[in-house]
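Enquirer: File query_12.cif follows (mmCIF, C-alpha atoms (C1' of nucleotides)):
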data_start
#
loop_
_atom_site.label_atom_id
_atom_site.label_comp_id
_atom_site.auth_asym_id
_atom_site.auth_seq_id
_atom_site.Cartn_x
_atom_site.Cartn_y
_atom_site.Cartn_z
CA MET A 1461 0.85 -28.29 -37.77
CA PRO A 1462 2.71 -26.72 -40.61
CA ARG A 1463 1.39 -28.56 -43.58
CA ALA A 1464 -1.48 -30.88 -43.79
CA SER A 1465 -1.55 -33.96 -45.90
CA THR A 1466 1.16 -36.14 -47.23
CA LEU A 1467 1.29 -39.26 -49.29
CA ILE A 1468 -1.73 -40.92 -47.87
CA ASP A 1469 -4.29 -39.91 -50.41
CA PRO A 1470 -4.43 -39.98 -54.18
CA PHE A 1471 -4.97 -36.26 -54.47
CA THR A 1472 -1.60 -35.31 -53.11
CA ALA A 1473 0.13 -38.07 -54.99
CA VAL A 1474 -1.35 -36.87 -58.22
CA ALA A 1475 -0.59 -33.25 -57.50
CA GLU A 1476 2.92 -33.87 -58.73
CA PRO A 1477 2.89 -33.44 -62.52
CA LYS A 1478 5.56 -36.04 -63.02
CA ARG A 1479 3.44 -38.58 -61.27
CA ARG A 1480 0.53 -37.83 -63.51
CA GLN A 1481 2.81 -38.31 -66.45
CA LEU A 1482 3.95 -41.58 -65.02
CA LEU A 1483 0.41 -42.74 -64.49
CA GLY A 1484 -0.45 -41.70 -67.98
CA THR A 1485 2.35 -43.80 -69.33
CA LEU A 1486 1.36 -46.77 -67.24
CA GLY A 1487 -2.20 -46.26 -68.34
CA GLN A 1488 -1.27 -47.35 -71.81
CA ARG A 1489 0.02 -50.72 -70.78
CA GLU A 1490 1.69 -52.35 -67.85
CA MET A 1491 5.44 -52.24 -68.07
CA PRO A 1492 8.66 -52.79 -66.17
CA VAL A 1493 10.59 -49.90 -64.70
CA SER A 1494 13.10 -50.04 -67.49
CA ASP A 1495 10.40 -49.25 -70.02
CA ILE A 1496 9.16 -46.35 -68.00
CA ILE A 1497 12.66 -44.99 -67.78
CA CYS A 1498 12.95 -45.35 -71.52
CA GLU A 1499 9.60 -43.75 -72.29
CA LEU A 1500 9.98 -40.83 -69.94
CA GLY A 1501 13.71 -40.36 -70.10
CA TRP A 1502 14.07 -39.74 -66.39
CA PRO A 1503 16.89 -41.02 -64.23
CA GLN A 1504 16.21 -44.42 -62.76
CA VAL A 1505 16.19 -43.21 -59.19
CA MET A 1506 13.59 -40.64 -60.01
CA VAL A 1507 11.30 -43.16 -61.57
CA SER A 1508 11.73 -45.58 -58.71
CA LYS A 1509 11.00 -42.97 -56.12
CA HIS A 1510 7.90 -41.69 -57.80
CA LEU A 1511 6.77 -45.24 -58.21
CA ALA A 1512 7.33 -45.79 -54.52
CA VAL A 1513 5.01 -42.93 -53.74
CA LEU A 1514 2.36 -44.16 -56.12
CA ARG A 1515 2.69 -47.59 -54.61
CA GLN A 1516 2.24 -46.29 -51.08
CA VAL A 1517 -0.94 -44.56 -52.06
CA GLY A 1518 -2.07 -47.60 -53.95
CA LEU A 1519 -2.23 -45.94 -57.32
CA VAL A 1520 -0.05 -48.57 -58.89
CA SER A 1521 0.56 -52.20 -58.19
CA VAL A 1522 3.61 -54.28 -58.87
CA ARG A 1523 4.39 -57.83 -59.64
CA ARG A 1524 7.76 -59.36 -60.02
CA ASP A 1525 9.08 -60.90 -63.15
CA GLY A 1526 12.57 -62.15 -62.61
CA ARG A 1527 14.67 -59.18 -61.78
CA ARG A 1528 12.11 -56.89 -63.26
CA ARG A 1529 9.08 -55.41 -61.64
CA ILE A 1530 6.04 -54.95 -63.75
CA TYR A 1531 3.96 -52.00 -62.75
CA ASN A 1532 0.44 -51.24 -63.68
CA VAL A 1533 -2.14 -48.67 -62.78
CA ASN A 1534 -4.44 -49.40 -59.91
CA ALA A 1535 -7.20 -47.25 -61.25
CA ASP A 1536 -9.63 -47.94 -58.46
CA ASN A 1537 -7.79 -45.42 -56.41
CA ILE A 1538 -8.03 -42.81 -59.09
CA LYS A 1539 -11.77 -43.04 -59.05
CA PRO A 1540 -12.14 -41.01 -55.84
CA ILE A 1541 -10.57 -38.13 -57.70
CA TYR A 1542 -12.96 -38.61 -60.55
CA ASP A 1543 -15.88 -38.82 -58.18
CA TRP A 1544 -14.88 -35.71 -56.37
CA ALA A 1545 -14.45 -33.69 -59.53
CA LYS A 1546 -17.71 -35.05 -60.83
CA THR A 1547 -19.61 -33.40 -58.01
CA PHE A 1548 -19.03 -30.15 -59.85
CA GLU A 1549 -20.27 -31.32 -63.20
CA LYS A 1550 -23.53 -29.52 -62.68
CA PHE A 1551 -21.60 -26.32 -63.16
CA TRP A 1552 -20.16 -27.13 -66.51
CA ASP A 1553 -22.82 -29.47 -67.76
CA HIS A 1554 -25.46 -27.02 -68.82
CA ASN A 1555 -27.51 -29.23 -71.07
CA LEU A 1556 -28.29 -31.45 -68.16
CA SER A 1557 -29.60 -34.91 -68.53
CA ARG A 1558 -30.51 -36.92 -65.49
CA ILE A 1559 -28.60 -34.73 -63.15
CA LYS A 1560 -31.04 -32.02 -63.93
CA GLN A 1561 -33.13 -32.09 -60.81
CA ARG A 1562 -30.30 -32.41 -58.41
CA ALA A 1563 -28.24 -29.72 -60.01
CA GLU A 1564 -31.03 -27.25 -60.32
CA ALA A 1565 -32.22 -27.84 -56.83
CA ALA A 1566 -28.82 -27.19 -55.40
CA ALA A 1567 -27.81 -24.36 -57.60
CA LYS A 1568 -30.89 -22.22 -57.99
CA GLN A 1569 -32.67 -22.28 -54.68
CA SER A 1570 -29.97 -20.48 -52.81
CA LYS A 1571 -31.72 -17.36 -51.74
CA PRO A 1572 -30.81 -13.91 -52.97
CA THR A 1573 -28.24 -13.34 -50.28
CA LEU A 1574 -26.25 -12.42 -53.26
CA HIS A 1575 -25.89 -8.73 -53.58
CA LYS A 1576 -28.05 -7.03 -51.05
CA GLU A 1577 -26.80 -5.18 -48.07
CA LYS A 1578 -28.29 -4.18 -44.87
CA PRO A 1579 -30.73 -1.43 -45.81
CA MET B 643 14.77 -28.09 -58.46
CA PRO B 644 13.92 -29.40 -55.06
CA ARG B 645 10.24 -29.70 -55.16
CA ALA B 646 8.29 -29.34 -58.26
CA SER B 647 5.18 -27.39 -58.82
CA THR B 648 3.22 -25.23 -56.48
CA LEU B 649 0.01 -23.39 -56.73
CA ILE B 650 -0.07 -22.92 -60.43
CA ASP B 651 -2.50 -25.61 -61.44
CA PRO B 652 -5.76 -26.99 -60.11
CA PHE B 653 -4.22 -30.31 -59.19
CA THR B 654 -1.86 -28.90 -56.63
CA ALA B 655 -4.44 -26.51 -55.29
CA VAL B 656 -6.87 -29.32 -54.74
CA ALA B 657 -4.29 -31.57 -53.15
CA GLU B 658 -4.89 -29.75 -49.90
CA PRO B 659 -7.87 -31.40 -48.19
CA LYS B 660 -9.01 -28.17 -46.64
CA ARG B 661 -9.27 -26.62 -50.05
CA ARG B 662 -11.39 -29.47 -51.28
CA GLN B 663 -13.63 -28.93 -48.30
CA LEU B 664 -13.82 -25.26 -49.09
CA LEU B 665 -14.70 -25.94 -52.68
CA GLY B 666 -17.32 -28.40 -51.57
CA THR B 667 -18.88 -25.76 -49.39
CA LEU B 668 -18.83 -23.21 -52.14
CA GLY B 669 -20.26 -25.77 -54.48
CA GLN B 670 -23.53 -25.59 -52.62
CA ARG B 671 -24.05 -21.93 -53.21
CA GLU B 672 -22.05 -18.80 -53.62
CA MET B 673 -21.37 -17.06 -50.35
CA PRO B 674 -19.35 -14.36 -48.63
CA VAL B 675 -16.27 -15.21 -46.60
CA SER B 676 -18.16 -14.78 -43.38
CA ASP B 677 -20.49 -17.62 -44.31
CA ILE B 678 -17.60 -19.87 -45.19
CA ILE B 679 -16.01 -19.13 -41.85
CA CYS B 680 -19.27 -19.96 -40.19
CA GLU B 681 -19.83 -23.18 -42.09
CA LEU B 682 -16.33 -24.52 -41.75
CA GLY B 683 -15.43 -23.08 -38.39
CA TRP B 684 -11.93 -22.14 -39.40
CA PRO B 685 -10.16 -18.95 -38.39
CA GLN B 686 -10.78 -16.12 -40.78
CA VAL B 687 -7.17 -15.85 -41.88
CA MET B 688 -7.10 -19.48 -42.80
CA VAL B 689 -10.16 -19.16 -44.95
CA SER B 690 -8.86 -16.03 -46.64
CA LYS B 691 -5.54 -17.60 -47.39
CA HIS B 692 -6.97 -20.75 -48.86
CA LEU B 693 -9.31 -18.63 -50.89
CA ALA B 694 -6.36 -16.65 -52.15
CA VAL B 695 -4.78 -19.82 -53.42
CA LEU B 696 -7.96 -20.97 -55.07
CA ARG B 697 -8.31 -17.56 -56.63
CA GLN B 698 -4.79 -17.64 -58.00
CA VAL B 699 -5.42 -20.94 -59.67
CA GLY B 700 -8.77 -19.75 -60.90
CA LEU B 701 -10.84 -22.29 -59.02
CA VAL B 702 -13.00 -19.62 -57.47
CA SER B 703 -14.06 -16.19 -58.54
CA VAL B 704 -15.02 -13.21 -56.43
CA ARG B 705 -17.22 -10.25 -56.71
CA ARG B 706 -17.57 -7.45 -54.25
CA ASP B 707 -20.67 -6.59 -52.37
CA GLY B 708 -20.05 -3.68 -50.11
CA ARG B 709 -17.45 -4.77 -47.68
CA ARG B 710 -18.14 -8.36 -48.40
CA ARG B 711 -16.69 -10.53 -51.08
CA ILE B 712 -18.92 -13.11 -52.57
CA TYR B 713 -17.08 -16.19 -53.70
CA ASN B 714 -18.23 -18.88 -55.99
CA VAL B 715 -16.76 -21.91 -57.60
CA ASN B 716 -15.23 -21.55 -61.00
CA ALA B 717 -15.88 -25.11 -61.95
CA ASP B 718 -14.44 -24.83 -65.42
CA ASN B 719 -11.04 -25.19 -63.89
CA ILE B 720 -12.03 -28.30 -62.02
CA LYS B 721 -12.92 -29.99 -65.24
CA PRO B 722 -9.29 -30.66 -66.22
CA ILE B 723 -9.06 -32.81 -63.11
CA TYR B 724 -12.21 -34.62 -64.07
CA ASP B 725 -10.98 -35.10 -67.59
CA TRP B 726 -7.65 -36.42 -66.45
CA ALA B 727 -9.18 -38.90 -64.04
CA LYS B 728 -11.68 -39.90 -66.67
CA THR B 729 -8.91 -41.20 -68.89
CA PHE B 730 -8.68 -44.12 -66.50
CA GLU B 731 -12.33 -44.97 -66.50
CA LYS B 732 -11.72 -47.85 -68.83
CA PHE B 733 -10.06 -49.60 -65.93
CA TRP B 734 -12.88 -49.37 -63.47
CA ASP B 735 -15.85 -49.30 -65.78
CA HIS B 736 -16.30 -52.96 -66.52
CA ASN B 737 -19.98 -53.09 -67.33
CA LEU B 738 -19.59 -50.55 -70.02
CA SER B 739 -22.50 -48.70 -71.44
CA ARG B 740 -22.07 -46.19 -74.20
CA ILE B 741 -18.42 -45.82 -73.47
CA LYS B 742 -18.12 -49.38 -74.48
CA GLN B 743 -16.52 -49.02 -77.86
CA ARG B 744 -14.10 -46.38 -76.87
CA ALA B 745 -13.07 -48.04 -73.68
CA GLU B 746 -12.69 -51.43 -75.19
CA ALA B 747 -10.71 -50.12 -78.07
CA ALA B 748 -8.33 -48.44 -75.75
CA ALA B 749 -8.20 -51.10 -73.11
CA LYS B 750 -8.11 -54.29 -75.04
CA GLN B 751 -5.58 -53.56 -77.66
CA SER B 752 -2.99 -53.62 -74.97
CA LYS B 753 -2.96 -57.11 -73.73
CA PRO B 754 -5.24 -58.36 -70.95
CA THR B 755 -2.62 -57.60 -68.37
CA LEU B 756 -5.01 -56.45 -65.74
CA HIS B 757 -4.74 -58.77 -62.80
CA LYS B 758 -2.11 -61.22 -63.48
CA GLU B 759 -0.36 -62.97 -60.67
CA LYS B 760 3.06 -64.28 -60.16
CA PRO B 761 3.29 -67.49 -62.14
"C1'" DT C 939 31.48 -67.82 -56.36
"C1'" DT C 940 31.75 -63.55 -58.98
"C1'" DG C 941 29.83 -60.34 -61.92
"C1'" DA C 942 26.29 -58.04 -64.53
"C1'" DC C 943 21.80 -56.37 -64.48
"C1'" DA C 944 17.32 -54.30 -62.56
"C1'" DT C 945 15.36 -51.79 -59.13
"C1'" DA C 946 14.87 -49.91 -54.36
"C1'" DT C 947 16.40 -47.33 -50.37
"C1'" DT C 948 19.14 -44.23 -47.44
"C1'" DC C 949 21.17 -39.79 -46.58
"C1'" DC C 950 21.40 -35.06 -47.64
"C1'" DT C 951 19.90 -30.39 -48.87
"C1'" DA C 952 16.99 -26.61 -50.40
"C1'" DT C 953 12.61 -25.09 -51.29
"C1'" DG C 954 8.34 -23.56 -50.28
"C1'" DA C 955 3.79 -24.34 -48.45
"C1'" DT C 956 0.93 -24.15 -44.16
"C1'" DG C 957 -0.64 -22.17 -40.08
"C1'" DG C 958 -0.28 -18.50 -36.60
"C1'" DT C 959 -0.01 -13.70 -35.10
"C1'" DA C 960 -0.23 -9.24 -36.26
"C1'" DT C 961 -1.35 -5.77 -39.35
"C1'" DA C 962 -3.21 -3.55 -43.54
"C1'" DT C 963 -6.92 -2.28 -46.62
"C1'" DA C 964 -11.56 -1.27 -47.76
"C1'" DT C 965 -16.27 -0.05 -46.66
"C1'" DT C 966 -20.11 1.41 -43.97
"C1'" DA C 967 -22.00 3.73 -39.82
"C1'" DT C 968 -21.91 7.48 -36.41
"C1'" DA D 559 -12.99 11.98 -38.67
"C1'" DT D 560 -13.48 7.97 -35.98
"C1'" DA D 561 -15.06 3.52 -35.08
"C1'" DA D 562 -16.63 -0.85 -36.41
"C1'" DT D 563 -16.94 -4.44 -39.68
"C1'" DA D 564 -15.18 -7.54 -43.43
"C1'" DT D 565 -11.50 -9.39 -45.62
"C1'" DA D 566 -6.67 -9.55 -47.27
"C1'" DT D 567 -1.68 -9.46 -46.73
"C1'" DA D 568 3.03 -9.64 -44.52
"C1'" DC D 569 6.03 -11.88 -41.63
"C1'" DC D 570 7.68 -15.89 -39.22
"C1'" DA D 571 8.59 -20.78 -37.98
"C1'" DT D 572 8.22 -25.52 -38.97
"C1'" DC D 573 8.61 -29.42 -41.62
"C1'" DA D 574 7.41 -32.38 -45.66
"C1'" DT D 575 9.05 -33.32 -49.98
"C1'" DA D 576 11.66 -33.50 -54.81
"C1'" DG D 577 15.94 -34.33 -56.45
"C1'" DG D 578 20.73 -35.93 -56.39
"C1'" DA D 579 24.44 -39.12 -55.12
"C1'" DA D 580 25.70 -43.15 -53.22
"C1'" DT D 581 24.48 -47.54 -51.77
"C1'" DA D 582 21.70 -51.64 -50.89
"C1'" DT D 583 18.91 -55.52 -52.38
"C1'" DG D 584 17.61 -59.00 -55.37
"C1'" DT D 585 18.09 -61.95 -59.55
"C1'" DC D 586 20.13 -64.17 -63.43
"C1'" DA D 587 24.45 -65.86 -65.93
"C1'" DA D 588 28.94 -67.94 -66.25
#
Can I see the file as structure tokens?

Expert:
Amino acid sequence: MPRASTLIDPFTAVAEPKRRQLLGTLGQREMPVSDIICELGWPQVMVSKHLAVLRQVGLVSVRRDGRRRIYNVNADNIKPIYDWAKTFEKFWDHNLSRIKQRAEAAAKQSKPTLHKEKP
Amino acid sequence: MPRASTLIDPFTAVAEPKRRQLLGTLGQREMPVSDIICELGWPQVMVSKHLAVLRQVGLVSVRRDGRRRIYNVNADNIKPIYDWAKTFEKFWDHNLSRIKQRAEAAAKQSKPTLHKEKP
DNA sequence: TTGACATATTCCTATGATGGTATATATTAT
DNA sequence: ATAATATATACCATCATAGGAATATGTCAA
């Protein structure tokens, strides 16, 4: 299989910088497509297609308002990304708080398989 | 440009599920490629190539040990992902704690548009 | 109805990433 | 030097996807 994932998970959806931008914009306030177009300055089709992707993955939700569609962030599906990244916090959080035990346990007790060779 | 970014930033690198798996494995402890191969059960070439990508983006670092290469996570470059995702925490963190002020300030001053329905 | 407006979808193409196979490089052992 | 081990790189084929253009759908107004 020549290429793994697609648009089924938030990670791939968010890999596209434009989609992060879009989410950032929507994060400020819910808005209709026209506003997004205005704020980002992209062609309408581009906005609509990126929105379609984000919708598929469930990162945004829509509701209709006349001929407009009001989009807003569905942040629950961003949380998995946050959670995943957070599993590495022990590496950058050096003045540990409650994570102390867990982090130290995991990080330090790996034996010195580090830089010794077969004698 | 038909298809935007590639393997230049952590987001795209981490979009590949296998690479997240790999990072998760390396997150436990630093290890040589052979151990990764063993733990994940992937063909060697696959591991090496995914590592190459992660290296390019700076998500892992290597050091040599004889004919082995010891890899470990370079978590500093995962933090941008964490930070980005964290900007949406106001949406899912409803029983706020210390983030209260900040979250509320940011979230509330745009109207309570969170889960409105079609009228 | 017709027309204007707002947004979505279909079709097309080019790029480039992924996985596989084979091969190259580097290091240690004999 | 040769072989064995450990890992990386080059080459190839497939196929998903971003973007563009054109078009479709849906909604309000006259």

Enquirer: Can you work out which residues from chain C touch chain A at a cut-off of 7 Å (counting all atoms listed in the file) and hand them back as a count of residues only?

Expert: 5

Enquirer: For a quick test of understanding: name the residues of chain B lying within 7 Å of chain A when counting only C-alpha atoms, and present them as a count of residues only.

Expert: 22

Enquirer: Tell me which residues the PyMOL selection byres ((chain D) within 8 of (chain A)) grabs here, as a PDB file with C-alpha atoms (C1' of nucleotides), keeping the file's coordinate frame.

Expert:
ATOM      1  C1'  DT D 572       8.220 -25.520 -38.970  1.00  0.00           C
ATOM      2  C1'  DC D 573       8.610 -29.420 -41.620  1.00  0.00           C
ATOM      3  C1'  DA D 574       7.410 -32.380 -45.660  1.00  0.00           C
ATOM      4  C1'  DG D 577      15.940 -34.330 -56.450  1.00  0.00           C
ATOM      5  C1'  DG D 584      17.610 -59.000 -55.370  1.00  0.00           C
ATOM      6  C1'  DT D 585      18.090 -61.950 -59.550  1.00  0.00           C
ATOM      7  C1'  DC D 586      20.130 -64.170 -63.430  1.00  0.00           C
TER       8       DC D 586
END

Enquirer: In Å to one decimal, how far is C1' of DT968 in chain C from CA of Ile712 in chain B?

Expert: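 Separation of CA of Ile712 in chain B and C1' of DT968 in chain C: 26.3 Å.
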
Enquirer: Quick one: apply the PyMOL selection byres ((chain C and resi 941) around 12) to the file and drop the selected residues here as a PDB file with C-alpha atoms (C1' of nucleotides), in the frame of the given file.

Expert:
ATOM      1  C1'  DT C 939      31.480 -67.820 -56.360  1.00  0.00           C
ATOM      2  C1'  DT C 940      31.750 -63.550 -58.980  1.00  0.00           C
ATOM      3  C1'  DA C 942      26.290 -58.040 -64.530  1.00  0.00           C
ATOM      4  C1'  DC C 943      21.800 -56.370 -64.480  1.00  0.00           C
TER       5       DC C 943
ATOM      6  C1'  DC D 586      20.130 -64.170 -63.430  1.00  0.00           C
ATOM      7  C1'  DA D 587      24.450 -65.860 -65.930  1.00  0.00           C
ATOM      8  C1'  DA D 588      28.940 -67.940 -66.250  1.00  0.00           C
TER       9       DA D 588
END
